[in-house]
$ cat model_6.cif   # mmCIF, C-alpha atoms
data_entry
#
loop_
_atom_site.group_PDB
_atom_site.id
_atom_site.type_symbol
_atom_site.label_atom_id
_atom_site.label_comp_id
_atom_site.auth_asym_id
_atom_site.auth_seq_id
_atom_site.Cartn_x
_atom_site.Cartn_y
_atom_site.Cartn_z
ATOM 1 C CA MET G 1406 -0.360 -4.089 31.958
ATOM 2 C CA ASP G 1407 -0.782 -2.108 28.725
ATOM 3 C CA CYS G 1408 1.721 0.280 27.237
ATOM 4 C CA THR G 1409 2.146 1.925 23.846
ATOM 5 C CA LYS G 1410 4.906 1.524 21.314
ATOM 6 C CA THR G 1411 5.595 3.238 17.988
ATOM 7 C CA LEU G 1412 6.387 0.992 15.042
ATOM 8 C CA ARG G 1413 7.984 2.152 11.794
ATOM 9 C CA LEU G 1414 7.326 0.045 8.713
ATOM 10 C CA ARG G 1415 8.475 0.657 5.156
ATOM 11 C CA ILE G 1416 5.836 1.169 2.464
ATOM 12 C CA LYS G 1417 6.593 -0.403 -0.921
ATOM 13 C CA ASP G 1418 7.917 2.037 -3.535
ATOM 14 C CA LYS G 1419 5.060 1.500 -5.999
ATOM 15 C CA HIS G 1420 2.830 3.630 -3.730
ATOM 16 C CA ALA G 1421 5.177 6.656 -3.627
ATOM 17 C CA LYS G 1422 3.251 8.616 -6.279
ATOM 18 C CA VAL G 1423 -0.113 8.272 -4.498
ATOM 19 C CA LEU G 1424 1.417 9.173 -1.136
ATOM 20 C CA ALA G 1425 3.136 12.223 -2.663
ATOM 21 C CA LEU G 1426 -0.244 13.454 -3.965
ATOM 22 C CA MET G 1427 -1.797 12.968 -0.529
ATOM 23 C CA ALA G 1428 1.128 14.806 1.085
ATOM 24 C CA ARG G 1429 0.521 17.707 -1.302
ATOM 25 C CA GLU G 1430 -3.096 17.882 -0.093
ATOM 26 C CA VAL G 1431 -1.901 17.818 3.531
ATOM 27 C CA ASN G 1432 0.410 20.724 2.701
ATOM 28 C CA GLN G 1433 -2.539 22.656 1.253
ATOM 29 C CA VAL G 1434 -4.504 22.203 4.480
ATOM 30 C CA TRP G 1435 -1.468 23.175 6.600
ATOM 31 C CA ASN G 1436 -0.826 26.318 4.539
ATOM 32 C CA PHE G 1437 -4.522 27.274 4.673
ATOM 33 C CA CYS G 1438 -4.468 26.906 8.475
ATOM 34 C CA ASN G 1439 -1.268 28.952 8.616
ATOM 35 C CA GLU G 1440 -2.652 31.825 6.542
ATOM 36 C CA THR G 1441 -6.093 31.839 8.198
ATOM 37 C CA SER G 1442 -4.644 31.720 11.694
ATOM 38 C CA HIS G 1443 -2.135 34.475 10.954
ATOM 39 C CA ARG G 1444 -4.884 36.688 9.514
ATOM 40 C CA ALA G 1445 -7.092 36.130 12.606
ATOM 41 C CA ILE G 1446 -4.215 37.111 14.897
ATOM 42 C CA ARG G 1447 -3.331 40.169 12.817
ATOM 43 C CA GLU G 1448 -6.876 41.479 12.330
ATOM 44 C CA ARG G 1449 -8.786 40.361 15.433
ATOM 45 C CA HIS G 1450 -5.955 39.507 17.882
ATOM 46 C CA GLN G 1451 -7.502 36.052 18.241
ATOM 47 C CA PHE G 1452 -5.624 32.738 18.290
ATOM 48 C CA LEU G 1453 -7.602 30.028 16.481
ATOM 49 C CA THR G 1454 -7.757 26.604 18.107
ATOM 50 C CA GLY G 1455 -7.606 23.288 16.303
ATOM 51 C CA TYR G 1456 -11.390 23.061 16.590
ATOM 52 C CA ASP G 1457 -11.838 26.504 14.984
ATOM 53 C CA LEU G 1458 -9.573 25.480 12.109
ATOM 54 C CA GLN G 1459 -11.491 22.214 11.673
ATOM 55 C CA LYS G 1460 -14.722 24.178 11.227
ATOM 56 C CA LEU G 1461 -13.045 26.348 8.556
ATOM 57 C CA THR G 1462 -11.695 23.339 6.623
ATOM 58 C CA ASN G 1463 -15.002 21.470 6.776
ATOM 59 C CA GLY G 1464 -15.816 20.007 3.353
ATOM 60 C CA PHE G 1465 -12.270 20.057 1.916
ATOM 61 C CA SER G 1466 -12.186 16.264 1.721
ATOM 62 C CA LYS G 1467 -15.331 16.282 -0.453
ATOM 63 C CA CYS G 1468 -13.739 18.424 -3.184
ATOM 64 C CA ASP G 1469 -12.995 16.847 -6.569
ATOM 65 C CA CYS G 1470 -9.742 14.868 -6.807
ATOM 66 C CA VAL G 1471 -9.012 15.149 -3.065
ATOM 67 C CA GLN G 1472 -7.979 11.768 -1.680
ATOM 68 C CA ILE G 1473 -7.360 12.450 1.998
ATOM 69 C CA GLY G 1474 -10.384 12.022 4.223
ATOM 70 C CA SER G 1475 -11.849 14.282 6.853
ATOM 71 C CA PRO G 1476 -10.052 12.524 9.771
ATOM 72 C CA THR G 1477 -6.728 13.442 8.151
ATOM 73 C CA VAL G 1478 -7.802 17.052 7.590
ATOM 74 C CA GLN G 1479 -8.895 17.253 11.243
ATOM 75 C CA GLN G 1480 -5.576 15.799 12.401
ATOM 76 C CA VAL G 1481 -3.611 18.347 10.344
ATOM 77 C CA CYS G 1482 -5.623 21.189 11.918
ATOM 78 C CA GLU G 1483 -5.026 19.830 15.424
ATOM 79 C CA ASP G 1484 -1.313 19.341 14.791
ATOM 80 C CA TYR G 1485 -0.969 22.840 13.321
ATOM 81 C CA ALA G 1486 -2.648 24.458 16.342
ATOM 82 C CA LYS G 1487 -0.540 22.376 18.739
ATOM 83 C CA VAL G 1488 2.761 23.260 17.032
ATOM 84 C CA ARG G 1489 1.869 26.960 16.767
ATOM 85 C CA LYS G 1490 1.027 27.057 20.478
ATOM 86 C CA GLN G 1491 4.124 25.056 21.405
ATOM 87 C CA PHE G 1492 6.482 27.469 19.635
ATOM 88 C CA LYS G 1493 4.426 30.566 20.589
ATOM 89 C CA LYS G 1494 4.423 31.916 17.035
ATOM 90 C CA ALA G 1495 1.738 33.759 15.112
ATOM 91 C CA LYS G 1496 2.811 32.135 11.835
ATOM 92 C CA LEU G 1497 4.768 28.983 11.047
ATOM 93 C CA ARG G 1498 6.795 28.065 7.970
ATOM 94 C CA TRP G 1499 4.953 27.119 4.807
ATOM 95 C CA ARG G 1500 5.004 23.483 3.741
ATOM 96 C CA VAL G 1501 6.410 23.380 0.195
ATOM 97 C CA SER G 1502 5.255 20.570 -2.127
ATOM 98 C CA ASN G 1503 7.631 21.216 -5.055
ATOM 99 C CA PRO G 1504 10.536 18.716 -4.868
ATOM 100 C CA GLN G 1505 12.684 21.041 -7.011
ATOM 101 C CA SER G 1506 12.523 23.802 -4.392
ATOM 102 C CA SER G 1507 15.332 24.294 -1.895
ATOM 103 C CA LYS G 1508 12.681 24.665 0.846
ATOM 104 C CA TYR G 1509 10.909 21.401 -0.030
ATOM 105 C CA SER G 1510 9.029 19.837 2.885
ATOM 106 C CA LEU G 1511 9.310 16.068 3.148
ATOM 107 C CA GLY G 1512 6.004 14.244 2.794
ATOM 108 C CA TRP G 1513 3.901 13.816 5.912
ATOM 109 C CA ILE G 1514 0.363 12.457 6.189
ATOM 110 C CA PRO G 1515 -1.065 12.194 9.718
ATOM 111 C CA PHE G 1516 -4.061 9.987 10.479
ATOM 112 C CA LYS G 1517 -6.365 9.038 13.303
ATOM 113 C CA ALA G 1518 -6.911 5.457 14.445
ATOM 114 C CA ARG G 1519 -10.240 5.138 12.648
ATOM 115 C CA ALA G 1520 -8.703 6.087 9.283
ATOM 116 C CA VAL G 1521 -6.457 3.006 8.836
ATOM 117 C CA GLN G 1522 -7.025 -0.716 8.827
ATOM 118 C CA TYR G 1523 -4.542 -3.556 8.465
ATOM 119 C CA LYS G 1524 -5.648 -6.546 6.445
ATOM 120 C CA ALA G 1525 -3.716 -9.281 4.632
ATOM 121 C CA GLY G 1526 -0.360 -7.498 4.569
ATOM 122 C CA GLN G 1527 -1.796 -4.165 3.425
ATOM 123 C CA ILE G 1528 -2.863 -0.928 5.064
ATOM 124 C CA ALA G 1529 -6.196 0.453 3.885
ATOM 125 C CA PHE G 1530 -6.083 4.262 3.990
ATOM 126 C CA ALA G 1531 -8.175 6.860 2.123
ATOM 127 C CA GLY G 1532 -9.510 4.323 -0.366
ATOM 128 C CA GLN G 1533 -6.027 3.000 -1.170
ATOM 129 C CA LYS G 1534 -4.515 -0.345 -0.256
ATOM 130 C CA LEU G 1535 -0.839 0.213 0.517
ATOM 131 C CA SER G 1536 1.528 -2.767 0.603
ATOM 132 C CA LEU G 1537 4.314 -2.765 3.160
ATOM 133 C CA TRP G 1538 7.079 -4.892 4.563
ATOM 134 C CA ASP G 1539 5.510 -6.138 7.776
ATOM 135 C CA SER G 1540 8.423 -7.072 10.019
ATOM 136 C CA TYR G 1541 6.393 -6.735 13.247
ATOM 137 C CA GLY G 1542 3.247 -8.736 12.443
ATOM 138 C CA LEU G 1543 0.751 -5.868 12.600
ATOM 139 C CA ALA G 1544 -2.198 -8.277 12.755
ATOM 140 C CA ASP G 1545 -1.281 -8.932 16.411
ATOM 141 C CA TYR G 1546 -1.570 -5.255 17.406
ATOM 142 C CA GLU G 1547 -4.348 -2.733 17.886
ATOM 143 C CA LEU G 1548 -3.507 0.249 15.642
ATOM 144 C CA ARG G 1549 -3.800 3.766 16.989
ATOM 145 C CA ALA G 1550 -3.018 7.169 15.454
ATOM 146 C CA GLY G 1551 0.130 7.766 13.456
ATOM 147 C CA SER G 1552 1.451 9.109 10.177
ATOM 148 C CA PHE G 1553 3.009 8.294 6.851
ATOM 149 C CA SER G 1554 6.352 10.022 6.426
ATOM 150 C CA GLN G 1555 8.930 10.381 3.693
ATOM 151 C CA ASP G 1556 12.681 10.294 4.138
ATOM 152 C CA THR G 1557 15.240 12.268 2.139
ATOM 153 C CA ARG G 1558 15.693 9.397 -0.330
ATOM 154 C CA GLY G 1559 11.990 9.434 -1.239
ATOM 155 C CA ARG G 1560 11.057 6.268 0.657
ATOM 156 C CA TRP G 1561 7.783 6.213 2.587
ATOM 157 C CA TYR G 1562 7.183 4.769 6.049
ATOM 158 C CA LEU G 1563 4.171 4.005 8.184
ATOM 159 C CA ASN G 1564 4.693 5.254 11.745
ATOM 160 C CA VAL G 1565 1.934 3.884 13.927
ATOM 161 C CA VAL G 1566 1.325 3.731 17.667
ATOM 162 C CA VAL G 1567 0.194 0.318 18.909
ATOM 163 C CA LYS G 1568 -1.015 -0.993 22.222
ATOM 164 C CA VAL G 1569 1.248 -3.721 23.648
ATOM 165 C CA GLN G 1570 0.710 -6.129 26.519
ATOM 166 C CA VAL G 1571 3.616 -6.036 28.983
ATOM 167 C CA GLN G 1572 3.956 -8.801 31.508
ATOM 168 C CA ALA G 1573 5.089 -7.600 34.917
#

$ encode --input "model_6.cif" --output "structure tokens"
Amino acid sequence: MDCTKTLRLRIKDKHAKVLALMAREVNQVWNFCNETSHRAIRERHQFLTGYDLQKLTNGFSKCDCVQIGSPTVQQVCEDYAKVRKQFKKAKLRWRVSNPQSSKYSLGWIPFKARAVQYKAGQIAFAGQKLSLWDSYGLADYELRAGSFSQDTRGRWYLNVVVKVQVQA
């Protein structure tokens, strides 16, 4: 019998700068979705779905100096639409990228299963090879969707859903 489990693994600190830049790009996509969705509700009384937002953000990942790929942009749009619908709000809070701000949003980079690969103790994501402390033996698991997240001390973690065989 198969079941899913979420694993949390620590990313090595030398990758914090790259992940912070990617989180800033995620925040840009989130804030664009927030503003565009709010404007559509205000002007046309229309709630935009995750698919509508994906069409509007098409091509962002091809801009100069943007590291996150299109699967990540799509995931951000889907998550934004899901959260907005869940809380029944026309507009959500902005994600703030400035660490000096009192309203700073901790780093968060969602991804789909096809966007990450585990190989030789490293996670390949968006053209980067990120080293981590592998306490679970990720080579034995099939990786699914997940996210990179930052804690209040500035450390980064890989949160990934895996498929596990359970013996009954």

$ resolve_selection --input "model_6.cif" --expression "the PyMOL selection byres ((chain G and resi 1482) around 7)" --output "MDAnalysis selection string"
chainID G and resid 1438 1455 1458:1459 1478:1481 1483:1486

$ residues_around --input "model_6.cif" --residues "Ser1466 (chain G)" --least-positions-apart "2" --cutoff "12 Å" --atoms "all atoms listed in the file" --output "list in words"
Met1427, Glu1430, Val1431, Gln1433, Val1434, Gln1459, Thr1462, Asn1463, Gly1464, Cys1468, Asp1469, Cys1470, Val1471, Gln1472, Ile1473, Gly1474, Ser1475, Pro1476, Thr1477, Val1478, Gln1479 and Ala1531 of chain G

$ closest_residue --input "model_6.cif" --among "G:Ile1528, G:Thr1411, G:Ile1446, G:Gln1491" --to "Gly1551 (chain G)" --atoms "all atoms listed in the file"
G:Thr1411

$ atom_distance --input "model_6.cif" --atom1 "CA of Arg1500 (chain G)" --atom2 "CA of Gln1527 (chain G)"
28.5 Å

$ residues_around --input "model_6.cif" --residues "Val1565 (chain G)" --least-positions-apart "6" --cutoff "12 Å" --atoms "all atoms listed in the file" --output "VMD selection string"
chain G and resid 1409 to 1415 1514 to 1518 1520 to 1523 1528 1541 1543 1546 to 1554

$ atom_distance --input "model_6.cif" --atom1 "CA of Ser1502 (chain G)" --atom2 "CA of Tyr1456 (chain G)"
25.2 Å

$ decode --input "model_6.cif" --residues "region 1534-1549 of chain G" --atoms "all heavy atoms" --output "tab-separated table (two decimals), in the first residue's frame"
chain	number	residue	atom	x	y	z
G	1534	LYS	N	22.58	23.51	-8.24
G	1534	LYS	CA	22.74	22.27	-7.49
G	1534	LYS	C	22.89	22.64	-6.02
G	1534	LYS	O	23.87	23.29	-5.65
G	1534	LYS	CB	23.95	21.50	-7.99
G	1534	LYS	CG	23.76	20.93	-9.39
G	1534	LYS	CD	24.81	19.91	-9.67
G	1534	LYS	CE	24.80	19.33	-11.04
G	1534	LYS	NZ	23.65	19.15	-11.75
G	1535	LEU	N	21.91	22.29	-5.22
G	1535	LEU	CA	21.87	22.68	-3.82
G	1535	LEU	C	22.24	21.49	-2.94
G	1535	LEU	O	21.59	20.45	-2.98
G	1535	LEU	CB	20.47	23.18	-3.47
G	1535	LEU	CG	19.91	24.30	-4.37
G	1535	LEU	CD1	18.45	24.53	-4.07
G	1535	LEU	CD2	20.71	25.56	-4.18
G	1536	SER	N	23.29	21.67	-2.14
G	1536	SER	CA	23.71	20.61	-1.21
G	1536	SER	C	22.82	20.63	0.01
G	1536	SER	O	22.35	21.69	0.44
G	1536	SER	CB	25.15	20.84	-0.78
G	1536	SER	OG	25.99	20.91	-1.89
G	1537	LEU	N	22.60	19.46	0.59
G	1537	LEU	CA	21.77	19.38	1.79
G	1537	LEU	C	22.26	18.27	2.69
G	1537	LEU	O	23.05	17.43	2.29
G	1537	LEU	CB	20.30	19.19	1.42
G	1537	LEU	CG	19.92	18.10	0.42
G	1537	LEU	CD1	19.71	16.78	1.08
G	1537	LEU	CD2	18.67	18.53	-0.29
G	1538	TRP	N	21.79	18.28	3.92
G	1538	TRP	CA	22.06	17.21	4.85
G	1538	TRP	C	20.95	16.18	4.68
G	1538	TRP	O	19.82	16.39	5.12
G	1538	TRP	CB	22.11	17.72	6.29
G	1538	TRP	CG	23.39	18.43	6.60
G	1538	TRP	CD1	24.60	17.87	6.82
G	1538	TRP	CD2	23.58	19.83	6.71
G	1538	TRP	NE1	25.54	18.83	7.06
G	1538	TRP	CE2	24.94	20.05	7.00
G	1538	TRP	CE3	22.75	20.94	6.58
G	1538	TRP	CZ2	25.48	21.31	7.18
G	1538	TRP	CZ3	23.28	22.20	6.75
G	1538	TRP	CH2	24.64	22.38	7.05
G	1539	ASP	N	21.29	15.08	4.03
G	1539	ASP	CA	20.30	14.06	3.70
G	1539	ASP	C	20.22	13.02	4.82
G	1539	ASP	O	20.94	12.03	4.81
G	1539	ASP	CB	20.65	13.40	2.37
G	1539	ASP	CG	19.59	12.44	1.91
G	1539	ASP	OD1	18.53	12.37	2.53
G	1539	ASP	OD2	19.84	11.75	0.90
G	1540	SER	N	19.34	13.24	5.76
G	1540	SER	CA	19.19	12.32	6.88
G	1540	SER	C	18.16	11.22	6.60
G	1540	SER	O	18.02	10.30	7.39
G	1540	SER	CB	18.80	13.09	8.14
G	1540	SER	OG	17.64	13.85	7.89
G	1541	TYR	N	17.45	11.31	5.47
G	1541	TYR	CA	16.41	10.33	5.15
G	1541	TYR	C	16.82	9.38	4.03
G	1541	TYR	O	16.15	8.38	3.82
G	1541	TYR	CB	15.11	11.05	4.72
G	1541	TYR	CG	14.46	11.81	5.83
G	1541	TYR	CD1	14.57	13.19	5.88
G	1541	TYR	CD2	13.72	11.16	6.80
G	1541	TYR	CE1	13.95	13.91	6.90
G	1541	TYR	CE2	13.10	11.87	7.81
G	1541	TYR	CZ	13.23	13.25	7.85
G	1541	TYR	OH	12.63	13.96	8.86
G	1542	GLY	N	17.86	9.69	3.27
G	1542	GLY	CA	18.22	8.88	2.12
G	1542	GLY	C	17.24	9.11	0.98
G	1542	GLY	O	16.48	8.23	0.61
G	1543	LEU	N	17.23	10.32	0.44
G	1543	LEU	CA	16.26	10.70	-0.58
G	1543	LEU	C	16.32	9.85	-1.84
G	1543	LEU	O	15.36	9.77	-2.59
G	1543	LEU	CB	16.45	12.16	-0.99
G	1543	LEU	CG	15.81	13.21	-0.09
G	1543	LEU	CD1	16.06	14.60	-0.65
G	1543	LEU	CD2	14.34	12.99	0.07
G	1544	ALA	N	17.44	9.20	-2.09
G	1544	ALA	CA	17.57	8.37	-3.29
G	1544	ALA	C	16.56	7.22	-3.28
G	1544	ALA	O	16.18	6.71	-4.33
G	1544	ALA	CB	18.99	7.82	-3.40
G	1545	ASP	N	16.09	6.83	-2.11
G	1545	ASP	CA	15.15	5.72	-1.98
G	1545	ASP	C	13.70	6.14	-2.22
G	1545	ASP	O	12.82	5.28	-2.25
G	1545	ASP	CB	15.25	5.10	-0.58
G	1545	ASP	CG	16.65	4.59	-0.29
G	1545	ASP	OD1	17.39	4.30	-1.25
G	1545	ASP	OD2	17.01	4.49	0.90
G	1546	TYR	N	13.44	7.42	-2.37
G	1546	TYR	CA	12.07	7.92	-2.48
G	1546	TYR	C	11.79	8.52	-3.86
G	1546	TYR	O	12.70	9.00	-4.53
G	1546	TYR	CB	11.80	9.01	-1.44
G	1546	TYR	CG	11.88	8.54	-0.01
G	1546	TYR	CD1	12.96	8.86	0.79
G	1546	TYR	CD2	10.86	7.77	0.54
G	1546	TYR	CE1	13.04	8.44	2.10
G	1546	TYR	CE2	10.93	7.34	1.85
G	1546	TYR	CZ	12.02	7.67	2.63
G	1546	TYR	OH	12.08	7.25	3.92
G	1547	GLU	N	10.51	8.54	-4.21
G	1547	GLU	CA	10.06	9.24	-5.40
G	1547	GLU	C	9.59	10.63	-4.96
G	1547	GLU	O	8.65	10.75	-4.19
G	1547	GLU	CB	8.90	8.46	-6.03
G	1547	GLU	CG	8.32	9.11	-7.25
G	1547	GLU	CD	7.09	8.37	-7.76
G	1547	GLU	OE1	6.97	7.17	-7.51
G	1547	GLU	OE2	6.25	9.03	-8.38
G	1548	LEU	N	10.28	11.67	-5.46
G	1548	LEU	CA	9.97	13.04	-5.04
G	1548	LEU	C	8.71	13.55	-5.72
G	1548	LEU	O	8.48	13.31	-6.89
G	1548	LEU	CB	11.13	13.98	-5.35
G	1548	LEU	CG	12.48	13.63	-4.72
G	1548	LEU	CD1	13.51	14.66	-5.11
G	1548	LEU	CD2	12.38	13.51	-3.23
G	1549	ARG	N	7.92	14.26	-4.96
G	1549	ARG	CA	6.72	14.91	-5.49
G	1549	ARG	C	6.87	16.42	-5.32
G	1549	ARG	O	7.96	16.91	-5.14
G	1549	ARG	CB	5.49	14.43	-4.71
G	1549	ARG	CG	5.26	12.94	-4.75
G	1549	ARG	CD	4.16	12.64	-5.74
G	1549	ARG	NE	3.95	11.23	-5.91
G	1549	ARG	CZ	2.88	10.57	-5.52
G	1549	ARG	NH1	1.91	11.20	-4.91
G	1549	ARG	NH2	2.77	9.29	-5.76
